[in-house]
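What's in data-v2.cif: mmCIF, C-alpha atoms; chains and numbers go by the auth columns
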data_start
#
loop_
_atom_site.group_PDB
_atom_site.id
_atom_site.type_symbol
_atom_site.label_atom_id
_atom_site.label_comp_id
_atom_site.label_asym_id
_atom_site.label_seq_id
_atom_site.Cartn_x
_atom_site.Cartn_y
_atom_site.Cartn_z
_atom_site.B_iso_or_equiv
_atom_site.auth_seq_id
_atom_site.auth_asym_id
ATOM 1 C CA MET A 1 -5.771 14.817 8.831 0.00 18 A
ATOM 2 C CA ARG A 2 -4.729 11.699 10.759 0.00 19 A
ATOM 3 C CA TYR A 3 -5.101 8.171 9.425 0.00 20 A
ATOM 4 C CA SER A 4 -5.324 4.858 11.218 0.00 21 A
ATOM 5 C CA VAL A 5 -3.398 2.061 9.573 0.00 22 A
ATOM 6 C CA VAL A 6 -2.941 -1.610 10.311 0.00 23 A
ATOM 7 C CA LEU A 7 -0.021 -3.799 9.256 0.00 24 A
ATOM 8 C CA ILE A 8 -0.614 -7.423 8.382 0.00 25 A
ATOM 9 C CA PRO A 9 2.752 -9.186 7.869 0.00 26 A
ATOM 10 C CA ASP A 10 3.324 -11.431 4.879 0.00 27 A
ATOM 11 C CA PRO A 11 3.810 -15.037 6.050 0.00 28 A
ATOM 12 C CA GLU A 12 6.967 -15.307 3.924 0.00 29 A
ATOM 13 C CA ASP A 13 8.236 -11.966 5.311 0.00 30 A
ATOM 14 C CA CYS A 14 9.319 -10.834 1.843 0.00 31 A
ATOM 15 C CA GLY A 15 6.856 -7.978 1.906 0.00 32 A
ATOM 16 C CA CYS A 16 3.756 -6.950 3.742 0.00 33 A
ATOM 17 C CA ILE A 17 0.190 -5.847 3.303 0.00 34 A
ATOM 18 C CA VAL A 18 -0.865 -2.461 4.645 0.00 35 A
ATOM 19 C CA THR A 19 -4.420 -1.410 5.345 0.00 36 A
ATOM 20 C CA VAL A 20 -5.296 2.227 4.752 0.00 37 A
ATOM 21 C CA PRO A 21 -8.601 4.050 5.257 0.00 38 A
ATOM 22 C CA VAL A 22 -10.902 4.784 2.342 0.00 39 A
ATOM 23 C CA LEU A 23 -12.131 8.341 2.623 0.00 40 A
ATOM 24 C CA PRO A 24 -15.720 9.320 1.752 0.00 41 A
ATOM 25 C CA GLY A 25 -16.246 9.772 -1.973 0.00 42 A
ATOM 26 C CA TRP A 26 -13.475 7.397 -3.035 0.00 43 A
ATOM 27 C CA LEU A 27 -14.637 4.935 -5.643 0.00 44 A
ATOM 28 C CA MET A 28 -13.349 1.464 -4.979 0.00 45 A
ATOM 29 C CA SER A 29 -11.226 -0.207 -7.657 0.00 46 A
ATOM 30 C CA PRO A 30 -10.207 -3.847 -7.803 0.00 47 A
ATOM 31 C CA VAL A 31 -7.478 -4.299 -5.212 0.00 48 A
ATOM 32 C CA PRO A 32 -6.316 -7.304 -3.255 0.00 49 A
ATOM 33 C CA SER A 33 -8.832 -6.674 -0.473 0.00 50 A
ATOM 34 C CA ASN A 34 -11.387 -4.166 0.792 0.00 51 A
ATOM 35 C CA GLU A 35 -12.919 -4.369 4.243 0.00 52 A
ATOM 36 C CA ARG A 36 -14.967 -2.448 6.766 0.00 53 A
ATOM 37 C CA LYS A 37 -13.863 -1.976 10.390 0.00 54 A
ATOM 38 C CA GLY A 38 -15.469 0.144 13.056 0.00 55 A
ATOM 39 C CA GLY A 39 -17.779 1.831 10.547 0.00 56 A
ATOM 40 C CA LYS A 40 -14.910 2.788 8.203 0.00 57 A
ATOM 41 C CA ASN A 41 -13.849 1.295 4.885 0.00 58 A
ATOM 42 C CA PHE A 42 -10.251 0.144 4.429 0.00 59 A
ATOM 43 C CA MET A 43 -8.155 -0.993 1.478 0.00 60 A
ATOM 44 C CA ARG A 44 -5.583 -3.722 1.976 0.00 61 A
ATOM 45 C CA LEU A 45 -2.681 -3.187 -0.437 0.00 62 A
ATOM 46 C CA PRO A 46 0.506 -5.131 -1.185 0.00 63 A
ATOM 47 C CA VAL A 47 3.857 -3.547 -0.398 0.00 64 A
ATOM 48 C CA THR A 48 7.336 -4.788 -1.306 0.00 65 A
ATOM 49 C CA LEU A 49 10.300 -4.153 0.971 0.00 66 A
ATOM 50 C CA VAL A 50 13.849 -4.426 -0.423 0.00 67 A
ATOM 51 C CA LYS A 51 17.106 -3.526 1.272 0.00 68 A
ATOM 52 C CA GLY A 52 18.967 -1.006 -0.879 0.00 69 A
ATOM 53 C CA GLU A 53 22.718 -0.872 -1.471 0.00 70 A
ATOM 54 C CA ASP A 54 22.954 1.967 1.038 0.00 71 A
ATOM 55 C CA GLY A 55 21.297 -0.163 3.742 0.00 72 A
ATOM 56 C CA TRP A 56 17.983 1.708 3.663 0.00 73 A
ATOM 57 C CA ILE A 57 14.763 -0.272 3.179 0.00 74 A
ATOM 58 C CA VAL A 58 12.946 0.665 -0.046 0.00 75 A
ATOM 59 C CA ALA A 59 9.142 0.260 0.098 0.00 76 A
ATOM 60 C CA LYS A 60 6.912 0.177 -3.001 0.00 77 A
ATOM 61 C CA CYS A 61 3.201 -0.357 -3.537 0.00 78 A
ATOM 62 C CA PRO A 62 2.983 -2.231 -6.869 0.00 79 A
ATOM 63 C CA VAL A 63 -0.677 -1.357 -7.505 0.00 80 A
ATOM 64 C CA LEU A 64 0.096 2.377 -7.250 0.00 81 A
ATOM 65 C CA PRO A 65 2.659 3.302 -9.921 0.00 82 A
ATOM 66 C CA GLY A 66 5.287 5.663 -8.556 0.00 83 A
ATOM 67 C CA CYS A 67 4.349 5.018 -4.932 0.00 84 A
ATOM 68 C CA ILE A 68 7.792 4.457 -3.466 0.00 85 A
ATOM 69 C CA THR A 69 9.615 5.561 -0.333 0.00 86 A
ATOM 70 C CA GLN A 70 12.316 4.368 2.026 0.00 87 A
ATOM 71 C CA GLY A 71 13.284 4.200 5.665 0.00 88 A
ATOM 72 C CA ARG A 72 16.329 3.447 7.781 0.00 89 A
ATOM 73 C CA THR A 73 14.489 0.505 9.348 0.00 90 A
ATOM 74 C CA ARG A 74 11.694 -1.828 8.237 0.00 91 A
ATOM 75 C CA GLU A 75 9.314 -0.081 10.636 0.00 92 A
ATOM 76 C CA GLU A 76 10.203 3.376 9.319 0.00 93 A
ATOM 77 C CA ALA A 77 9.828 2.208 5.695 0.00 94 A
ATOM 78 C CA ILE A 78 6.381 0.755 6.474 0.00 95 A
ATOM 79 C CA ALA A 79 5.274 3.946 8.240 0.00 96 A
ATOM 80 C CA ASN A 80 6.516 5.992 5.279 0.00 97 A
ATOM 81 C CA ILE A 81 4.798 3.821 2.649 0.00 98 A
ATOM 82 C CA LYS A 82 1.493 4.052 4.525 0.00 99 A
ATOM 83 C CA GLU A 83 1.724 7.841 4.338 0.00 100 A
ATOM 84 C CA ALA A 84 2.776 7.668 0.665 0.00 101 A
ATOM 85 C CA ILE A 85 -0.142 5.348 -0.204 0.00 102 A
ATOM 86 C CA VAL A 86 -2.688 7.718 1.312 0.00 103 A
ATOM 87 C CA GLY A 87 -1.140 10.618 -0.624 0.00 104 A
ATOM 88 C CA CYS A 88 -0.973 8.690 -3.912 0.00 105 A
ATOM 89 C CA ILE A 89 -4.594 7.601 -3.628 0.00 106 A
ATOM 90 C CA ALA A 90 -5.706 11.168 -2.854 0.00 107 A
ATOM 91 C CA VAL A 91 -3.884 12.485 -5.948 0.00 108 A
ATOM 92 C CA ARG A 92 -5.257 9.702 -8.170 0.00 109 A
ATOM 93 C CA LYS A 93 -8.777 10.533 -6.966 0.00 110 A
ATOM 94 C CA GLU A 94 -8.228 14.239 -7.571 0.00 111 A
ATOM 95 C CA MET A 95 -6.974 13.544 -11.114 0.00 112 A
ATOM 96 C CA GLY A 96 -9.920 11.232 -11.850 0.00 113 A
ATOM 97 C CA TRP A 97 -7.648 8.209 -12.287 0.00 114 A
ATOM 98 C CA PRO A 98 -8.499 4.723 -10.979 0.00 115 A
ATOM 99 C CA LEU A 99 -7.382 4.479 -7.358 0.00 116 A
ATOM 100 C CA THR A 100 -5.215 1.453 -8.075 0.00 117 A
ATOM 101 C CA GLU A 101 -4.018 -0.508 -11.043 0.00 118 A
ATOM 102 C CA GLU A 102 -5.014 -4.126 -11.497 0.00 119 A
ATOM 103 C CA MET A 103 -2.780 -6.710 -9.875 0.00 120 A
ATOM 104 C CA VAL A 104 -2.994 -10.413 -10.653 0.00 121 A
ATOM 105 C CA GLU A 105 -1.121 -13.463 -9.433 0.00 122 A
ATOM 106 C CA VAL A 106 0.386 -15.877 -11.929 0.00 123 A
ATOM 107 C CA GLU A 107 1.784 -19.329 -11.406 0.00 124 A
ATOM 108 C CA VAL A 108 5.109 -20.359 -12.962 0.00 125 A
ATOM 109 C CA ALA A 109 7.156 -23.521 -12.787 0.00 126 A
ATOM 110 C CA THR A 110 10.413 -23.190 -10.836 0.00 127 A
#

Can you turn what I pasted into C-alpha coordinates?
Amino acid sequence: MRYSVVLIPDPEDCGCIVTVPVLPGWLMSPVPSNERKGGKNFMRLPVTLVKGEDGWIVAKCPVLPGCITQGRTREEAIANIKEAIVGCIAVRKEMGWPLTEEMVEVEVAT
(Lines of atoms letter the chains of each structure in order from A and count residues from 1; the text may use other names and numbers.)
(Lines give C-alpha, C1' and ligand atoms only; values in the text may rest on other atoms or scores of the structure.)
Protein backbone atom coordinates (compact mmCIF):
# COMPACT_ATOMS: atom_id res chain seq x y z
CA MET A 1 0.00 0.00 0.00
CA ARG A 2 1.35 3.46 -0.86
CA TYR A 3 0.85 6.52 1.31
CA SER A 4 0.94 10.20 0.46
CA VAL A 5 2.66 12.35 3.04
CA VAL A 6 3.27 16.06 3.39
CA LEU A 7 6.05 17.73 5.37
CA ILE A 8 5.39 21.02 7.10
CA PRO A 9 8.68 22.40 8.51
CA ASP A 10 8.86 23.74 12.04
CA PRO A 11 9.56 27.50 11.96
CA GLU A 12 12.39 27.03 14.48
CA ASP A 13 13.79 24.11 12.43
CA CYS A 14 14.35 22.05 15.57
CA GLY A 15 11.88 19.44 14.42
CA CYS A 16 9.05 19.11 11.98
CA ILE A 17 5.44 18.12 11.63
CA VAL A 18 4.54 15.27 9.29
CA THR A 19 1.10 14.63 7.87
CA VAL A 20 0.09 11.02 7.34
CA PRO A 21 -3.14 9.57 5.93
CA VAL A 22 -5.84 8.22 8.21
CA LEU A 23 -7.07 4.94 6.82
CA PRO A 24 -10.77 3.95 6.91
CA GLY A 25 -11.82 2.56 10.28
CA TRP A 26 -9.19 4.42 12.30
CA LEU A 27 -10.67 6.16 15.29
CA MET A 28 -9.25 9.61 15.76
CA SER A 29 -7.50 10.40 19.05
CA PRO A 30 -6.46 13.81 20.30
CA VAL A 31 -3.38 14.79 18.32
CA PRO A 32 -1.90 18.14 17.41
CA SER A 33 -4.01 18.40 14.26
CA ASN A 34 -6.40 16.46 12.04
CA GLU A 35 -7.42 17.64 8.59
CA ARG A 36 -9.12 16.57 5.40
CA LYS A 37 -7.52 17.02 1.96
CA GLY A 38 -8.76 15.76 -1.36
CA GLY A 39 -11.43 13.60 0.27
CA LYS A 40 -8.94 11.91 2.63
CA ASN A 41 -8.34 12.41 6.33
CA PHE A 42 -4.83 13.21 7.56
CA MET A 43 -3.15 13.41 10.95
CA ARG A 44 -0.49 16.03 11.56
CA LEU A 45 2.03 14.72 14.10
CA PRO A 46 5.11 16.23 15.76
CA VAL A 47 8.51 14.73 15.02
CA THR A 48 11.84 15.50 16.69
CA LEU A 49 15.09 15.33 14.74
CA VAL A 50 18.41 15.04 16.61
CA LYS A 51 21.86 14.44 15.18
CA GLY A 52 23.36 11.35 16.80
CA GLU A 53 26.98 10.86 17.83
CA ASP A 54 27.53 8.78 14.70
CA GLY A 55 26.31 11.63 12.48
CA TRP A 56 22.98 9.99 11.61
CA ILE A 57 19.76 11.94 12.18
CA VAL A 58 17.49 10.28 14.76
CA ALA A 59 13.75 10.91 14.23
CA LYS A 60 11.11 10.29 16.91
CA CYS A 61 7.36 10.86 17.07
CA PRO A 62 6.71 11.80 20.73
CA VAL A 63 2.98 10.98 20.61
CA LEU A 64 3.72 7.41 19.47
CA PRO A 65 5.86 5.68 22.11
CA GLY A 66 8.62 3.63 20.52
CA CYS A 67 8.22 5.26 17.11
CA ILE A 68 11.84 6.00 16.32
CA THR A 69 14.07 5.67 13.27
CA GLN A 70 17.10 7.30 11.70
CA GLY A 71 18.58 8.37 8.40
CA ARG A 72 21.91 9.49 6.99
CA THR A 73 20.35 12.84 6.05
CA ARG A 74 17.47 14.94 7.36
CA GLU A 75 15.42 14.02 4.29
CA GLU A 76 16.06 10.29 4.73
CA ALA A 77 15.19 10.48 8.45
CA ILE A 78 11.92 12.27 7.65
CA ALA A 79 11.02 9.72 4.95
CA ASN A 80 11.80 6.90 7.39
CA ILE A 81 9.76 8.39 10.26
CA LYS A 82 6.75 8.84 7.97
CA GLU A 83 6.89 5.13 7.16
CA ALA A 84 7.41 4.27 10.85
CA ILE A 85 4.44 6.43 11.91
CA VAL A 86 2.10 4.68 9.49
CA GLY A 87 3.31 1.30 10.76
CA CYS A 88 3.04 2.27 14.44
CA ILE A 89 -0.49 3.59 13.98
CA ALA A 90 -1.54 0.42 12.14
CA VAL A 91 -0.19 -1.76 14.98
CA ARG A 92 -1.83 0.40 17.66
CA LYS A 93 -5.15 0.11 15.82
CA GLU A 94 -4.75 -3.65 15.48
CA MET A 95 -4.00 -3.98 19.21
CA GLY A 96 -6.99 -1.79 20.14
CA TRP A 97 -4.75 0.88 21.67
CA PRO A 98 -5.35 4.63 21.25
CA LEU A 99 -3.73 5.76 18.01
CA THR A 100 -1.64 8.37 19.80
CA GLU A 101 -0.84 9.41 23.32
CA GLU A 102 -1.84 12.83 24.59
CA MET A 103 0.65 15.62 24.04
CA VAL A 104 0.38 19.00 25.75
CA GLU A 105 2.46 22.16 25.65
CA VAL A 106 3.63 23.74 28.88
CA GLU A 107 5.15 27.13 29.50
CA VAL A 108 8.23 27.53 31.70
CA ALA A 109 10.33 30.51 32.66
CA THR A 110 13.83 30.53 31.14

(request) Find the distance between CA of Asn97 (chain A) and CA of Cys78 (chain A) and write it in Å to one decimal. (result) 11.4 Å

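Checking A:Val67, A:Asn58, A:Glu111, A:Ile102 one by one against Gly88 (chain A), counting all atoms listed in the file, you find the shortest gap at A:Val67.
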
(request) Name every residue that the PyMOL selection byres ((chain A and resi 66) around 9) selects in this structure, writing the answer as a ChimeraX atom specification with chains first and numbers rising. (result) /A:31-33,64-65,67-68,74-77,87,91,94-95

(request) Determine the nearest neighbour of Met120 (chain A) from the options A:Gly56, A:Gly72, A:Pro82, A:Gly104, counting only C-alpha atoms. (result) A:Pro82

(request) Evaluate the PyMOL selection byres ((chain A and resi 106-108) around 10) and record the selected residues as JSON, numbers by chain, following the chain and residue labels used in the document. (result) {"A": [37, 39, 40, 43, 81, 84, 101, 102, 103, 104, 105, 109, 110, 111, 112, 113, 114, 115, 116, 117]}
